[in-house]
file target01.tsv (TSV, N, CA and C atoms and all ligand atoms)
chain	number	residue	atom	x	y	z
A	1	MET	N	-5.47	-17.93	23.94
A	1	MET	CA	-4.91	-16.57	23.83
A	1	MET	C	-4.39	-16.35	22.42
A	2	ILE	N	-4.62	-15.18	21.91
A	2	ILE	CA	-4.13	-14.83	20.59
A	2	ILE	C	-2.76	-14.19	20.77
A	3	ILE	N	-1.76	-14.84	20.21
A	3	ILE	CA	-0.40	-14.32	20.35
A	3	ILE	C	-0.30	-12.97	19.67
A	4	GLY	N	0.17	-11.99	20.40
A	4	GLY	CA	0.37	-10.67	19.83
A	4	GLY	C	-0.82	-9.75	20.00
A	5	ILE	N	-1.93	-10.24	20.56
A	5	ILE	CA	-3.13	-9.40	20.67
A	5	ILE	C	-2.87	-8.17	21.54
A	6	GLU	N	-1.96	-8.29	22.50
A	6	GLU	CA	-1.69	-7.14	23.36
A	6	GLU	C	-1.08	-5.98	22.57
A	7	LYS	N	-0.48	-6.30	21.42
A	7	LYS	CA	0.13	-5.26	20.61
A	7	LYS	C	-0.91	-4.39	19.91
A	8	ILE	N	-2.13	-4.87	19.78
A	8	ILE	CA	-3.14	-4.08	19.10
A	8	ILE	C	-4.23	-3.62	20.07
A	9	ALA	N	-3.91	-3.66	21.35
A	9	ALA	CA	-4.90	-3.30	22.36
A	9	ALA	C	-5.58	-1.97	22.10
A	10	PRO	N	-4.87	-0.91	21.65
A	10	PRO	CA	-5.56	0.36	21.43
A	10	PRO	C	-6.34	0.39	20.12
A	11	CYS	N	-6.39	-0.71	19.41
A	11	CYS	CA	-7.01	-0.72	18.08
A	11	CYS	C	-8.53	-0.71	18.14
A	12	ASP	N	-9.10	-0.34	17.03
A	12	ASP	CA	-10.53	-0.35	16.82
A	12	ASP	C	-11.07	-1.77	17.02
A	13	MET	N	-12.29	-1.85	17.49
A	13	MET	CA	-12.91	-3.16	17.73
A	13	MET	C	-12.99	-4.01	16.47
A	14	GLN	N	-13.15	-3.37	15.33
A	14	GLN	CA	-13.20	-4.13	14.07
A	14	GLN	C	-11.92	-4.92	13.85
A	15	VAL	N	-10.78	-4.30	14.20
A	15	VAL	CA	-9.49	-4.97	14.02
A	15	VAL	C	-9.41	-6.17	14.97
A	16	LYS	N	-9.84	-5.97	16.20
A	16	LYS	CA	-9.82	-7.08	17.17
A	16	LYS	C	-10.73	-8.21	16.71
A	17	ASP	N	-11.90	-7.86	16.22
A	17	ASP	CA	-12.82	-8.90	15.72
A	17	ASP	C	-12.20	-9.66	14.55
A	18	LEU	N	-11.57	-8.93	13.66
A	18	LEU	CA	-10.93	-9.55	12.50
A	18	LEU	C	-9.82	-10.52	12.95
A	19	VAL	N	-8.98	-10.06	13.86
A	19	VAL	CA	-7.87	-10.91	14.32
A	19	VAL	C	-8.41	-12.16	15.01
A	20	GLY	N	-9.43	-12.00	15.83
A	20	GLY	CA	-10.04	-13.15	16.49
A	20	GLY	C	-10.63	-14.14	15.50
A	21	TRP	N	-11.31	-13.59	14.50
A	21	TRP	CA	-11.93	-14.42	13.46
A	21	TRP	C	-10.86	-15.19	12.69
A	22	LEU	N	-9.77	-14.50	12.32
A	22	LEU	CA	-8.68	-15.16	11.59
A	22	LEU	C	-8.01	-16.21	12.46
A	23	TYR	N	-7.84	-15.90	13.74
A	23	TYR	CA	-7.17	-16.85	14.63
A	23	TYR	C	-7.96	-18.14	14.74
A	24	GLU	N	-9.29	-18.04	14.76
A	24	GLU	CA	-10.13	-19.25	14.84
A	24	GLU	C	-9.91	-20.14	13.62
A	25	ARG	N	-9.55	-19.55	12.49
A	25	ARG	CA	-9.38	-20.33	11.26
A	25	ARG	C	-7.94	-20.73	10.98
A	26	TYR	N	-6.99	-19.91	11.39
A	26	TYR	CA	-5.59	-20.17	11.05
A	26	TYR	C	-4.73	-20.58	12.24
A	27	HIS	N	-5.15	-20.28	13.42
A	27	HIS	CA	-4.48	-20.68	14.66
A	27	HIS	C	-3.05	-20.16	14.81
A	28	ASN	N	-2.32	-20.07	13.73
A	28	ASN	CA	-0.91	-19.66	13.87
A	28	ASN	C	-0.64	-18.28	13.26
A	29	ILE	N	-1.63	-17.40	13.30
A	29	ILE	CA	-1.35	-16.07	12.77
A	29	ILE	C	-0.40	-15.34	13.71
A	30	VAL	N	0.44	-14.53	13.11
A	30	VAL	CA	1.43	-13.76	13.87
A	30	VAL	C	1.22	-12.29	13.51
A	31	ILE	N	0.89	-11.50	14.51
A	31	ILE	CA	0.70	-10.06	14.27
A	31	ILE	C	2.07	-9.41	14.25
A	32	THR	N	2.39	-8.79	13.13
A	32	THR	CA	3.70	-8.15	13.03
A	32	THR	C	3.63	-6.65	13.29
A	33	SER	N	2.43	-6.08	13.21
A	33	SER	CA	2.25	-4.67	13.54
A	33	SER	C	0.77	-4.39	13.77
A	34	GLY	N	0.50	-3.57	14.78
A	34	GLY	CA	-0.88	-3.18	15.06
A	34	GLY	C	-0.92	-1.67	15.23
A	35	PHE	N	-1.41	-1.20	16.38
A	35	PHE	CA	-1.44	0.24	16.63
A	35	PHE	C	-0.02	0.79	16.70
A	36	ARG	N	0.20	1.94	16.12
A	36	ARG	CA	1.49	2.62	16.21
A	36	ARG	C	1.27	4.06	16.66
A	37	THR	N	2.12	4.51	17.54
A	37	THR	CA	2.14	5.94	17.84
A	37	THR	C	2.75	6.64	16.63
A	38	PRO	N	2.51	7.94	16.46
A	38	PRO	CA	3.15	8.65	15.34
A	38	PRO	C	4.67	8.50	15.36
A	39	ALA	N	5.27	8.52	16.54
A	39	ALA	CA	6.73	8.39	16.63
A	39	ALA	C	7.17	6.99	16.18
A	40	ALA	N	6.45	5.98	16.59
A	40	ALA	CA	6.78	4.61	16.18
A	40	ALA	C	6.61	4.47	14.68
A	41	ASN	N	5.58	5.11	14.14
A	41	ASN	CA	5.33	5.03	12.70
A	41	ASN	C	6.45	5.70	11.90
A	42	GLU	N	6.90	6.86	12.39
A	42	GLU	CA	7.98	7.57	11.69
A	42	GLU	C	9.26	6.77	11.67
A	43	ALA	N	9.45	5.94	12.69
A	43	ALA	CA	10.69	5.15	12.78
A	43	ALA	C	10.72	4.00	11.78
A	44	ILE	N	9.58	3.72	11.16
A	44	ILE	CA	9.52	2.62	10.20
A	44	ILE	C	9.80	3.15	8.81
A	45	LYS	N	10.81	2.60	8.18
A	45	LYS	CA	11.22	3.01	6.84
A	45	LYS	C	10.07	2.87	5.85
A	46	ASN	N	9.84	3.89	5.07
A	46	ASN	CA	8.81	3.90	4.01
A	46	ASN	C	7.38	3.83	4.52
A	47	SER	N	7.16	4.10	5.80
A	47	SER	CA	5.78	4.06	6.30
A	47	SER	C	5.02	5.29	5.80
A	48	SER	N	3.72	5.13	5.66
A	48	SER	CA	2.87	6.23	5.21
A	48	SER	C	2.78	7.29	6.29
A	49	LYS	N	2.73	8.54	5.87
A	49	LYS	CA	2.61	9.64	6.85
A	49	LYS	C	1.21	9.64	7.47
A	50	VAL	N	0.25	9.08	6.76
A	50	VAL	CA	-1.12	9.01	7.27
A	50	VAL	C	-1.50	7.54	7.47
A	51	SER	N	-0.64	6.83	8.18
A	51	SER	CA	-0.83	5.39	8.36
A	51	SER	C	-2.12	5.07	9.11
A	52	GLN	N	-2.83	4.10	8.60
A	52	GLN	CA	-4.03	3.61	9.28
A	52	GLN	C	-3.66	2.96	10.61
A	53	HIS	N	-2.39	2.55	10.75
A	53	HIS	CA	-1.92	1.97	12.03
A	53	HIS	C	-2.02	3.02	13.15
A	54	CYS	N	-1.75	4.27	12.82
A	54	CYS	CA	-1.80	5.33	13.84
A	54	CYS	C	-3.23	5.64	14.28
A	55	LEU	N	-4.17	5.25	13.47
A	55	LEU	CA	-5.59	5.45	13.80
A	55	LEU	C	-6.18	4.21	14.49
A	56	GLY	N	-5.36	3.18	14.63
A	56	GLY	CA	-5.85	1.94	15.25
A	56	GLY	C	-6.75	1.14	14.32
A	57	LEU	N	-6.65	1.41	13.03
A	57	LEU	CA	-7.55	0.77	12.07
A	57	LEU	C	-6.87	-0.29	11.21
A	58	ALA	N	-5.61	-0.62	11.53
A	58	ALA	CA	-4.87	-1.55	10.66
A	58	ALA	C	-4.13	-2.60	11.46
A	59	VAL	N	-3.91	-3.72	10.80
A	59	VAL	CA	-3.08	-4.78	11.37
A	59	VAL	C	-2.26	-5.41	10.24
A	60	ASP	N	-1.02	-5.73	10.54
A	60	ASP	CA	-0.18	-6.49	9.62
A	60	ASP	C	-0.04	-7.86	10.26
A	61	LEU	N	-0.20	-8.89	9.45
A	61	LEU	CA	-0.06	-10.23	10.03
A	61	LEU	C	0.46	-11.23	9.03
A	62	ALA	N	1.06	-12.26	9.59
A	62	ALA	CA	1.57	-13.38	8.81
A	62	ALA	C	0.84	-14.63	9.26
A	63	ALA	N	0.84	-15.62	8.40
A	63	ALA	CA	0.23	-16.92	8.74
A	63	ALA	C	1.12	-17.99	8.10
A	64	PRO	N	2.20	-18.34	8.80
A	64	PRO	CA	3.17	-19.29	8.23
A	64	PRO	C	2.50	-20.56	7.70
A	65	GLY	N	2.85	-20.90	6.47
A	65	GLY	CA	2.32	-22.10	5.85
A	65	GLY	C	1.00	-21.90	5.12
A	66	HIS	N	0.47	-20.68	5.16
A	66	HIS	CA	-0.81	-20.40	4.50
A	66	HIS	C	-0.63	-19.37	3.39
A	67	ASN	N	-1.51	-19.43	2.42
A	67	ASN	CA	-1.50	-18.49	1.30
A	67	ASN	C	-2.15	-17.18	1.75
A	68	LEU	N	-1.38	-16.11	1.77
A	68	LEU	CA	-1.90	-14.84	2.29
A	68	LEU	C	-2.92	-14.20	1.35
A	69	ILE	N	-2.86	-14.53	0.07
A	69	ILE	CA	-3.86	-13.99	-0.86
A	69	ILE	C	-5.22	-14.61	-0.55
A	70	VAL	N	-5.22	-15.90	-0.26
A	70	VAL	CA	-6.46	-16.57	0.12
A	70	VAL	C	-6.97	-16.02	1.44
A	71	LEU	N	-6.07	-15.85	2.39
A	71	LEU	CA	-6.44	-15.30	3.70
A	71	LEU	C	-7.07	-13.92	3.54
A	72	ALA	N	-6.43	-13.06	2.74
A	72	ALA	CA	-6.95	-11.70	2.54
A	72	ALA	C	-8.32	-11.75	1.87
A	73	GLY	N	-8.49	-12.64	0.90
A	73	GLY	CA	-9.77	-12.76	0.22
A	73	GLY	C	-10.88	-13.18	1.18
A	74	LEU	N	-10.58	-14.13	2.05
A	74	LEU	CA	-11.57	-14.57	3.04
A	74	LEU	C	-11.91	-13.43	4.00
A	75	ALA	N	-10.87	-12.70	4.40
A	75	ALA	CA	-11.08	-11.59	5.33
A	75	ALA	C	-11.98	-10.53	4.71
A	76	ILE	N	-11.71	-10.18	3.46
A	76	ILE	CA	-12.50	-9.15	2.78
A	76	ILE	C	-13.95	-9.60	2.60
A	77	THR	N	-14.13	-10.87	2.27
A	77	THR	CA	-15.48	-11.39	2.08
A	77	THR	C	-16.29	-11.32	3.37
A	78	ASN	N	-15.64	-11.63	4.47
A	78	ASN	CA	-16.34	-11.68	5.76
A	78	ASN	C	-16.33	-10.37	6.52
A	79	PHE	N	-15.44	-9.46	6.14
A	79	PHE	CA	-15.37	-8.14	6.78
A	79	PHE	C	-15.36	-7.08	5.67
A	80	PRO	N	-16.54	-6.81	5.08
A	80	PRO	CA	-16.59	-5.88	3.94
A	80	PRO	C	-16.12	-4.47	4.26
A	81	ALA	N	-15.99	-4.14	5.53
A	81	ALA	CA	-15.49	-2.80	5.88
A	81	ALA	C	-13.98	-2.70	5.72
A	82	ILE	N	-13.30	-3.81	5.42
A	82	ILE	CA	-11.87	-3.73	5.11
A	82	ILE	C	-11.74	-2.99	3.78
A	83	HIS	N	-11.06	-1.86	3.82
A	83	HIS	CA	-10.92	-1.04	2.62
A	83	HIS	C	-9.47	-0.85	2.19
A	84	GLY	N	-8.54	-1.49	2.88
A	84	GLY	CA	-7.13	-1.40	2.50
A	84	GLY	C	-6.47	-2.76	2.66
A	85	VAL	N	-5.83	-3.21	1.57
A	85	VAL	CA	-5.14	-4.51	1.60
A	85	VAL	C	-3.78	-4.34	0.92
A	86	GLY	N	-2.73	-4.59	1.67
A	86	GLY	CA	-1.38	-4.54	1.12
A	86	GLY	C	-0.69	-5.88	1.28
A	87	GLN	N	-0.08	-6.34	0.20
A	87	GLN	CA	0.61	-7.64	0.23
A	87	GLN	C	2.11	-7.41	0.19
A	88	ASP	N	2.83	-8.04	1.08
A	88	ASP	CA	4.29	-8.02	1.03
A	88	ASP	C	4.76	-9.44	0.82
A	89	VAL	N	5.12	-9.75	-0.43
A	89	VAL	CA	5.52	-11.13	-0.75
A	89	VAL	C	6.94	-11.41	-0.30
A	90	TYR	N	7.71	-10.37	-0.01
A	90	TYR	CA	9.10	-10.56	0.43
A	90	TYR	C	9.17	-10.85	1.92
A	91	LYS	N	8.46	-10.04	2.69
A	91	LYS	CA	8.46	-10.26	4.14
A	91	LYS	C	7.33	-11.20	4.56
A	92	LYS	N	6.50	-11.58	3.60
A	92	LYS	CA	5.43	-12.55	3.83
A	92	LYS	C	4.44	-12.13	4.92
A	93	TYR	N	3.86	-10.95	4.70
A	93	TYR	CA	2.76	-10.53	5.57
A	93	TYR	C	1.74	-9.80	4.74
A	94	VAL	N	0.55	-9.62	5.31
A	94	VAL	CA	-0.50	-8.85	4.66
A	94	VAL	C	-0.96	-7.75	5.61
A	95	HIS	N	-1.20	-6.58	5.02
A	95	HIS	CA	-1.74	-5.44	5.78
A	95	HIS	C	-3.23	-5.38	5.48
A	96	LEU	N	-4.04	-5.31	6.52
A	96	LEU	CA	-5.49	-5.17	6.36
A	96	LEU	C	-5.93	-3.97	7.18
A	97	ASP	N	-6.76	-3.10	6.60
A	97	ASP	CA	-7.23	-1.97	7.39
A	97	ASP	C	-8.67	-1.60	7.08
A	98	PHE	N	-9.23	-0.86	8.00
A	98	PHE	CA	-10.64	-0.45	7.94
A	98	PHE	C	-10.76	1.03	7.65
A	99	ARG	N	-9.95	1.55	6.73
A	99	ARG	CA	-10.02	2.97	6.38
A	99	ARG	C	-11.43	3.32	5.90
A	100	VAL	N	-11.76	4.59	6.05
A	100	VAL	CA	-13.08	5.02	5.59
A	100	VAL	C	-13.06	5.38	4.11
A	101	ASP	N	-11.87	5.52	3.54
A	101	ASP	CA	-11.73	5.83	2.12
A	101	ASP	C	-12.18	4.64	1.28
A	102	PRO	N	-12.38	4.88	-0.03
A	102	PRO	CA	-12.76	3.76	-0.91
A	102	PRO	C	-11.71	2.65	-0.89
A	103	TYR	N	-12.15	1.45	-1.25
A	103	TYR	CA	-11.29	0.27	-1.25
A	103	TYR	C	-10.04	0.49	-2.09
A	104	ARG	N	-8.93	-0.01	-1.57
A	104	ARG	CA	-7.65	0.13	-2.29
A	104	ARG	C	-6.78	-1.06	-1.94
A	105	GLU	N	-6.03	-1.56	-2.92
A	105	GLU	CA	-5.07	-2.63	-2.62
A	105	GLU	C	-3.76	-2.34	-3.33
A	106	TRP	N	-2.68	-2.89	-2.79
A	106	TRP	CA	-1.36	-2.61	-3.32
A	106	TRP	C	-0.43	-3.75	-2.96
A	107	VAL	N	0.76	-3.69	-3.56
A	107	VAL	CA	1.82	-4.68	-3.29
A	107	VAL	C	3.06	-3.90	-2.89
A	108	TYR	N	3.78	-4.42	-1.92
A	108	TYR	CA	5.04	-3.80	-1.52
A	108	TYR	C	6.19	-4.39	-2.33
A	109	GLY	N	7.13	-3.55	-2.74
A	109	GLY	CA	8.30	-4.03	-3.45
A	109	GLY	C	9.38	-4.49	-2.48
A	110	LYS	N	10.50	-4.91	-3.05
A	110	LYS	CA	11.60	-5.40	-2.22
A	110	LYS	C	12.09	-4.35	-1.22
A	111	ASP	N	11.98	-3.07	-1.62
A	111	ASP	CA	12.44	-1.99	-0.76
A	111	ASP	C	11.41	-1.57	0.28
A	112	GLY	N	10.28	-2.24	0.29
A	112	GLY	CA	9.24	-1.93	1.27
A	112	GLY	C	8.28	-0.85	0.80
A	113	LYS	N	8.56	-0.25	-0.38
A	113	LYS	CA	7.67	0.78	-0.91
A	113	LYS	C	6.57	0.14	-1.72
A	114	GLU	N	5.45	0.83	-1.81
A	114	GLU	CA	4.36	0.35	-2.66
A	114	GLU	C	4.82	0.35	-4.11
A	115	CYS	N	4.38	-0.63	-4.86
A	115	CYS	CA	4.72	-0.64	-6.29
A	115	CYS	C	3.52	-1.08	-7.09
B	201	ZN	ZN	0.37	-2.20	7.77
call {"tool": "encode", "arguments": {"input": "target01.tsv", "output": "structure tokens"}}
result
Amino acid sequence: MIIGIEKIAPCDMQVKDLVGWLYERYHNIVITSGFRTPAANEAIKNSSKVSQHCLGLAVDLAAPGHNLIVLAGLAITNFPAIHGVGQDVYKKYVHLDFRVDPYREWVYGKDGKEC
């Protein structure tokens, strides 16, 4: 069983495939956020008004003891439809999404805002 998979149940199949693929390699991934209702998204400080989480196209996850930059690179290589990558070095998680927009990556600052 993938811990936390129930939290992304309404998500796009691509997200589920990605999480399953990562779990096979990392075993200890922890999903910190998956699908969000608009109300749940608004309750999160500094969240995007057009969050890919609300579309079921995004997942935030941690992998304790692993380098998240390496994890994100592997994910992008194997899932080229990933078009959004956000790194949070403070909270130690990575955001991966399957947006239809062109590829974009960013880093979150200490305040949780993109920088
Ligand atoms: Zn996210």
call {"tool": "closest_residue", "arguments": {"input": "target01.tsv", "among": "A:Asp111, A:Glu105, A:Asp97, A:Glu24", "to": "A:Gln52", "atoms": "all atoms listed in the file"}}
result
A:Asp97
call {"tool": "atom_distance", "arguments": {"input": "target01.tsv", "atom1": "atom N of A:Ala58", "atom2": "atom CA of A:Gly109"}}
result
20.7 Å
call {"tool": "closest_atom_pairs", "arguments": {"input": "target01.tsv", "of": "chain A", "to": "ligand ZN 201 (chain B)", "cutoff": "8 Å", "atoms": "all atoms listed in the file", "output": "Markdown table"}}
result
| residue | atom | partner | partner_atom | distance |
| --- | --- | --- | --- | --- |
| A:Thr32 | C | B:ZN201 | ZN | 7.8 |
| A:Ser33 | C | B:ZN201 | ZN | 6.4 |
| A:Gly34 | N | B:ZN201 | ZN | 7.1 |
| A:Ser51 | CA | B:ZN201 | ZN | 7.7 |
| A:Gln52 | N | B:ZN201 | ZN | 7.1 |
| A:His53 | N | B:ZN201 | ZN | 6.2 |
| A:Ala58 | C | B:ZN201 | ZN | 5.8 |
| A:Val59 | C | B:ZN201 | ZN | 4.8 |
| A:Asp60 | N | B:ZN201 | ZN | 4.7 |
| A:Leu61 | N | B:ZN201 | ZN | 6.9 |
| A:Gly86 | N | B:ZN201 | ZN | 7.2 |
| A:Val94 | C | B:ZN201 | ZN | 6.1 |
| A:His95 | CA | B:ZN201 | ZN | 4.3 |
| A:Leu96 | N | B:ZN201 | ZN | 5.5 |
| A:Asp97 | N | B:ZN201 | ZN | 7.3 |
call {"tool": "closest_residue", "arguments": {"input": "target01.tsv", "among": "A:Cys54, A:Ala62, A:Lys16, A:Phe98", "to": "A:Pro80", "atoms": "all atoms listed in the file"}}
result
A:Phe98
call {"tool": "atom_distance", "arguments": {"input": "target01.tsv", "atom1": "atom CA of A:Lys113", "atom2": "atom CA of A:Gln87"}}
result
11.0 Å
call {"tool": "axis_aligned_box", "arguments": {"input": "target01.tsv", "around": "stretch 49-55 of chain A", "padding_each_side": "4 Å", "output": "AutoDock Vina command-line options"}}
result
--center_x -1.7 --center_y 5.8 --center_z 10.2 --size_x 16.9 --size_y 15.7 --size_z 16.6
call {"tool": "atom_distance", "arguments": {"input": "target01.tsv", "atom1": "atom CA of A:Ile29", "atom2": "atom C of A:Ala63"}}
result
5.6 Å
call {"tool": "select_by_dssp", "arguments": {"input": "target01.tsv", "residues": "chain A", "states": "strand (DSSP E)", "output": "MDAnalysis selection string"}}
result
chainID A and resid 30:33 58:62 84:88 93:97 104:107
call {"tool": "select_by_dssp", "arguments": {"input": "target01.tsv", "residues": "stretch 51-101 of chain A", "states": "helix (DSSP H, G or I)", "output": "PyMOL selection string"}}
result
chain A and resi 52-55+68-78
call {"tool": "write_last_selection", "arguments": {"input": "target01.tsv", "atoms": "N, CA and C atoms", "output": "PDB file, in the frame of the given file"}}
result
ATOM      1  N   GLN A  52      -2.830   4.100   8.600  1.00  0.00           N
ATOM      2  CA  GLN A  52      -4.030   3.610   9.280  1.00  0.00           C
ATOM      3  C   GLN A  52      -3.660   2.960  10.610  1.00  0.00           C
ATOM      4  N   HIS A  53      -2.390   2.550  10.750  1.00  0.00           N
ATOM      5  CA  HIS A  53      -1.920   1.970  12.030  1.00  0.00           C
ATOM      6  C   HIS A  53      -2.020   3.020  13.150  1.00  0.00           C
ATOM      7  N   CYS A  54      -1.750   4.270  12.820  1.00  0.00           N
ATOM      8  CA  CYS A  54      -1.800   5.330  13.840  1.00  0.00           C
ATOM      9  C   CYS A  54      -3.230   5.640  14.280  1.00  0.00           C
ATOM     10  N   LEU A  55      -4.170   5.250  13.470  1.00  0.00           N
ATOM     11  CA  LEU A  55      -5.590   5.450  13.800  1.00  0.00           C
ATOM     12  C   LEU A  55      -6.180   4.210  14.490  1.00  0.00           C
ATOM     13  N   LEU A  68      -1.380 -16.110   1.770  1.00  0.00           N
ATOM     14  CA  LEU A  68      -1.900 -14.840   2.290  1.00  0.00           C
ATOM     15  C   LEU A  68      -2.920 -14.200   1.350  1.00  0.00           C
ATOM     16  N   ILE A  69      -2.860 -14.530   0.070  1.00  0.00           N
ATOM     17  CA  ILE A  69      -3.860 -13.990  -0.860  1.00  0.00           C
ATOM     18  C   ILE A  69      -5.220 -14.610  -0.550  1.00  0.00           C
ATOM     19  N   VAL A  70      -5.220 -15.900  -0.260  1.00  0.00           N
ATOM     20  CA  VAL A  70      -6.460 -16.570   0.120  1.00  0.00           C
ATOM     21  C   VAL A  70      -6.970 -16.020   1.440  1.00  0.00           C
ATOM     22  N   LEU A  71      -6.070 -15.850   2.390  1.00  0.00           N
ATOM     23  CA  LEU A  71      -6.440 -15.300   3.700  1.00  0.00           C
ATOM     24  C   LEU A  71      -7.070 -13.920   3.540  1.00  0.00           C
ATOM     25  N   ALA A  72      -6.430 -13.060   2.740  1.00  0.00           N
ATOM     26  CA  ALA A  72      -6.950 -11.700   2.540  1.00  0.00           C
ATOM     27  C   ALA A  72      -8.320 -11.750   1.870  1.00  0.00           C
ATOM     28  N   GLY A  73      -8.490 -12.640   0.900  1.00  0.00           N
ATOM     29  CA  GLY A  73      -9.770 -12.760   0.220  1.00  0.00           C
ATOM     30  C   GLY A  73     -10.880 -13.180   1.180  1.00  0.00           C
ATOM     31  N   LEU A  74     -10.580 -14.130   2.050  1.00  0.00           N
ATOM     32  CA  LEU A  74     -11.570 -14.570   3.040  1.00  0.00           C
ATOM     33  C   LEU A  74     -11.910 -13.430   4.000  1.00  0.00           C
ATOM     34  N   ALA A  75     -10.870 -12.700   4.400  1.00  0.00           N
ATOM     35  CA  ALA A  75     -11.080 -11.590   5.330  1.00  0.00           C
ATOM     36  C   ALA A  75     -11.980 -10.530   4.710  1.00  0.00           C
ATOM     37  N   ILE A  76     -11.710 -10.180   3.460  1.00  0.00           N
ATOM     38  CA  ILE A  76     -12.500  -9.150   2.780  1.00  0.00           C
ATOM     39  C   ILE A  76     -13.950  -9.600   2.600  1.00  0.00           C
ATOM     40  N   THR A  77     -14.130 -10.870   2.270  1.00  0.00           N
ATOM     41  CA  THR A  77     -15.480 -11.390   2.080  1.00  0.00           C
ATOM     42  C   THR A  77     -16.290 -11.320   3.370  1.00  0.00           C
ATOM     43  N   ASN A  78     -15.640 -11.630   4.470  1.00  0.00           N
ATOM     44  CA  ASN A  78     -16.340 -11.680   5.760  1.00  0.00           C
ATOM     45  C   ASN A  78     -16.330 -10.370   6.520  1.00  0.00           C
TER      46      ASN A  78
END
call {"tool": "closest_residue", "arguments": {"input": "target01.tsv", "among": "A:Leu22, A:Leu74, A:Val85, A:Leu57", "to": "A:Arg36", "atoms": "only N, CA and C atoms"}}
result
A:Leu57
call {"tool": "closest_residue", "arguments": {"input": "target01.tsv", "among": "A:Ala81, A:Tyr93, A:Val107, A:Tyr23", "to": "A:Leu68", "atoms": "all atoms listed in the file"}}
result
A:Tyr93
call {"tool": "closest_residue", "arguments": {"input": "target01.tsv", "among": "A:Pro38, A:Asn67, A:Arg104, A:Phe79", "to": "A:Val50", "atoms": "only C-alpha atoms"}}
result
A:Pro38
call {"tool": "closest_residue", "arguments": {"input": "target01.tsv", "among": "A:Gly73, A:Cys11, A:Val30, A:Asn46", "to": "A:Glu114", "atoms": "only N, CA and C atoms"}}
result
A:Asn46
